[in-house]
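Trainee: Okay, handing you the structure first.
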Amino acid sequence: MTHGFGTPSVAIATTPTVISTFFSHILASRKRKSQSKQSLKSGGPGGGPENQLSYEEGLKVVRRFLEFASHHGVEEVQSFTAMWVPTPHWVRRETVVIPDINLRAAENILSKHLSTYGPDGDNGGGLKLIGGDQWWRVRGRTLEGEWIEMQKDYIKRKATSTRQSSGQSTTEGGAQTTTGHGTDHWKYLPKRSGTAGSGSIKDNSEKEVLEERVILYIHGGAFFFSSLETHRYQVQRHARKAGARAFSPAYRLAPQYPFPCGLLDSLASYLYLIDPPPGATHDPILPTNIIMMGDSAGAGMVISLLILIREMGLPMPAGASLVSPWVDLTHSMPSIGGWDGGDFIPSSGFHYKPSCAWPPLTGDGVTVTMPDGSEKHFDEQIQMYCPNNLLTHPLVSPVNQGSLGGLCPLLIMGGGGELLRDEIMYIAHKTASPTTYPPGSLTLSQYPDQAGLVDKYQPTKVHLQIYEGCCHVVPTLSWTRSSKYMYRAAANFNIWAFTAAQKAVKRKLHHERSHHSLKHTSRQNSTAPSSTSVPPSGTTSATGSRTGSTIDLTQPIIGSTAASAANREDIDFGDLESEASSDSDDSDSTSTHDEGAEGDKGPIKGIVTVSGSEPLFSTSNIVSERISTHGKIRDFEPVEEIPALNPNLKEEIGQIHGGGAIQKWLNKRKEWDLKYSKDLKKWKEIKEKDRKLSEKNGFLTRNLFNEKPPLCSLAGIYDLDLAKKIGQSVDGGPSGKQSGFVGMWMKMGTKADKENAGGNNLIEIKSNVEEQIRKESISTSIDGSNQYKQSLFDEPITIPEHEVLQNESK
């Protein structure tokens, strides 16, 4: 018998776990402490993260929560993780709707790219693989996103903003580019640098943030649960430490909205940042001022988004930080089927009580060769993100991409105890060495279009960090020691990437000016597009001055010279002048040569800290490190000693195998089908009847006659009432009901944010910021005078109704 799904029932289910873990931890603490000391003395990692009581309790609570949730329907899990969580007084949250113009643009771009996959990709047959060109555009609600930043940073940014008013002339045109498809994407490049001049904001390296910094964060949750509510405390911490503001989209979740729905929403969000329509709350943001971030499924989707950006000739962001990316939905790597005692993810996969949303009818299956050589057809949908026949799709499982080269620099972090560790290590090395880790022959037979990509791109620069003994997405346990170091590593990489990208832009613009080589060509006078980048009419430099530029923003902007410059403590624009005569090392920003950064080895190995420097741009394309619980950095073992990189695995990677993890999933599924046979039978009969009507009448929108929406998709439903019931948990948005459980979880991980809030309430924060800028303006002349800029100081404080300022009365 299952109980209701809410804060009280979750508390009842998890409290015994907390108590039992406490006593077991105390009883074993002396032995663990002794072993940890011995390890440290001998130069080892000092023991695992489970030595910390809060880590062990957190890990087991999440594990117990997932086990408890499995006895409920998927919709209940989705609704619970979408419940409203109050925003603390030190965080500013602004919800916006992604405009239709960005959605339509994203749909057209994604449709064109999806058409290229598969055996018939040359003829646009890739859309048939996913079931058509229209069903994935169907949505039950508008696409929303939210801006997140520290209140004090928002006030400083607005108070010192140099944003141009609507009455002033603006700069036309961005870097005009075309792709091999002959599509002109100039309009996706920003016309100016956006909101610049945030001189009072400092990042965690104590350096002033002189330009716009934006983190585009795609949240995780296995593609089917979690929300902006559950992830806000992580996002706000990443933003604070990088001196940035973050934007997170509430993308559509599976199984109601399977692949490629979430990818489409992520792309639309990126286009919204760099090319907002008139009237948007922000100016266009330079792609080089954007860092992409994600965890788990969200991190995997970021990689697919970067592939899409690369292939469609869109502007590339400065970099990407990825936490435990899920990149192989076929579960083909050894670790996924191994011991799961160090992780909260169940090795048997996710299973839930049958309901209106899950499981779908059987179909869209795939035939697999079993260990004994026999063949078996897997017809029951394994992953909620897509049907079985799409599990090997290179945008679903990026391990099957022909090449992951040509991307912006990446920081990839994972846990040494998590089940996904093999695919995390593999994807990092594949990205840094595309030709060494090409797809297997079976993958290329399924997707022959990938063969031409294998040696097409230069290696991507990758910094890989594996945190010893840690579970999946360690920042979920935000209060733990290992999580603290992972946040620091992300902040360090993000600050470095922001700085290096800014220096690269300045250097390239300076190079153009110093040689007077720019040919001013207005957008109106441009001729037919070519296959290379075309000089724009002008752009705005990182400092806001107007000048022309031939910078190709579709390529990774950070080269070795800019990377080296960002690693130097004291560097200014003048130091780059001697290098401006040659652009060779930055023209190919994925070059393996270290010409401009000779002798620059980045930070010295020691303890993970925020210095704003990175060791990425050396003679190697990958820096692989293991991080102990105490933050100690050590080099990885040789490649030949890493099981995930065994050459014998080549033909197995990215393909479904009959044994291992899939067999565990099948065994658990059989158990659940038997346990909830009555519910399974009830919903199967309802769905079979509905599917027949759908296929006859054009599915949900009544006009998808030539389409084949996945059996799990909302678009494939006929009955409107049934569709409303199935979609309520993902289309209804956060309920008015507060999630006490998630709220408590967030409070445990936001102590550091609160300490850096700048005041006990919003009024105090504003007063303190105003006083700080007044003092700075007295000693620093602004615009030729000693008067500070009038900005937010004269504006009334507006507190959204949904925000609860718990400390306002203090």
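For the structure tokens, the naming scheme is as follows: chains receive sequential letters (A, B, ...) according to their order of presentation, residues are indexed from 1 within each chain, and ligands are indexed from 1 in presentation order.
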Counting only C-alpha atoms, what is within 12 Å of A:Gly452, bar same-chain residues fewer than 5 positions away, as a list in words?
Mentor: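 The residues satisfying every condition are Tyr117, Gln401, Gly402, Ser403, Thr435, Pro438, Pro439, Leu444, Tyr447 and Tyr457 of chain A.
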Trainee: Neighbouring residues of A:Phe636 were defined as those with any atom within 7 Å, considering only C-alpha atoms; residues of the same chain fewer than 4 positions away were excluded. Please report them as a list of chain:residue names.
Mentor: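 Using only C-alpha atoms, the neighbours found are A:Ser624, A:Glu625, A:Arg626.
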Trainee: In stretch 249-462 of chain A, what's alpha helix (DSSP H) per DSSP? Answer as a ChimeraX atom specification?
Mentor: /A:261-274,297-311,421-432,441-446
Trainee: Can you pull out the residues contacting A:Lys689? Cut-off 12 Å, using only C-alpha atoms, and skip same-chain residues under 6 positions away; I want them as an MDAnalysis selection string.
Mentor: chainID A and resid 361 682:683 695:696 717:719 722
Trainee: Which one is closest to A:Pro49: A:Gln446, A:Thr330, A:Ser628, A:Ser620? Count only C-alpha atoms.
Mentor: A:Ser628
Trainee: Using only C-alpha atoms, find the one residue out of A:Leu420, A:Leu700, A:Ile148, A:Val74 that sits nearest to A:Ala297.
Mentor: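 Looking only at the distances to A:Ala297, the closest residue turns out to be A:Leu420.
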Trainee: So which one's closest to A:Ala752, A:Gln236, A:Phe223, A:Gly319, A:Val209? Using only C-alpha atoms, please.
Mentor: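 The closest residue to A:Ala752 is A:Gln236.
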Trainee: Just the residues within 7 Å of stretch 712-714 of chain A, please, counting only C-alpha atoms, with nothing from its chain fewer than 6 positions along; format it as an MDAnalysis selection string.
Mentor: chainID A and resid 255:258 360 723 727
Trainee: Show which residues sit within 9 Å of A:Pro448, as a PDB file with N, CA and C atoms, in the first residue's frame. Count only C-alpha atoms, and ignore same-chain residues fewer than 6 positions away.
Mentor:
```pdb
ATOM      1  N   TYR A 117      20.291  13.399 -40.023  1.00  0.00           N
ATOM      2  CA  TYR A 117      20.726  12.167 -39.361  1.00  0.00           C
ATOM      3  C   TYR A 117      20.178  10.917 -40.050  1.00  0.00           C
ATOM      4  N   GLY A 118      20.916   9.822 -39.887  1.00  0.00           N
ATOM      5  CA  GLY A 118      20.437   8.526 -40.351  1.00  0.00           C
ATOM      6  C   GLY A 118      20.814   8.195 -41.778  1.00  0.00           C
ATOM      7  N   PRO A 119      20.449   7.007 -42.216  1.00  0.00           N
ATOM      8  CA  PRO A 119      20.799   6.519 -43.563  1.00  0.00           C
ATOM      9  C   PRO A 119      20.290   7.415 -44.680  1.00  0.00           C
ATOM     10  N   ASP A 120      19.165   8.086 -44.449  1.00  0.00           N
ATOM     11  CA  ASP A 120      18.589   8.933 -45.489  1.00  0.00           C
ATOM     12  C   ASP A 120      18.794  10.416 -45.182  1.00  0.00           C
ATOM     13  N   GLY A 121      19.836  10.697 -44.378  1.00  0.00           N
ATOM     14  CA  GLY A 121      20.094  12.073 -43.965  1.00  0.00           C
ATOM     15  C   GLY A 121      20.415  13.013 -45.107  1.00  0.00           C
TER      16      GLY A 121
END
```
Trainee: Kindly indicate which residue among A:Ile201, A:Leu693, A:Ala490, A:Ile607 lies nearest to A:Arg634, using only C-alpha atoms for the distances.
Mentor: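 The answer is A:Ile607, which sits nearest to A:Arg634.
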Trainee: For atom CA of A:Phe617 and atom CA of A:Ala565, quote the distance in Å rounded to one decimal.
Mentor: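 Interatomic distance here is 11.0 Å.
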Trainee: At a cut-off of 9 Å, using only C-alpha atoms, what residues contact A:Gly758? Leave out same-chain residues fewer than 4 positions from it and give the result as a PyMOL selection string.
Mentor: chain A and resi 90+151-152+754+762+764-766+768-769
Trainee: Between atom CA of A:Trp326 and atom CA of A:Pro710, what is the distance in Å, rounded to a tenth?
Mentor: 21.5 Å
Trainee: If you measure from atom CA of A:Leu267 to atom CA of A:Ile382, what distance in Å do you get, rounded to one decimal?
Mentor: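 Atom-to-atom, atom CA of A:Leu267 and atom CA of A:Ile382 are spaced 25.8 Å apart.
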Trainee: Counting only C-alpha atoms, figure out which residue out of A:Glu637, A:Glu76, A:Glu144, A:Glu57 gets nearest to A:Tyr272.
Mentor: A:Glu144
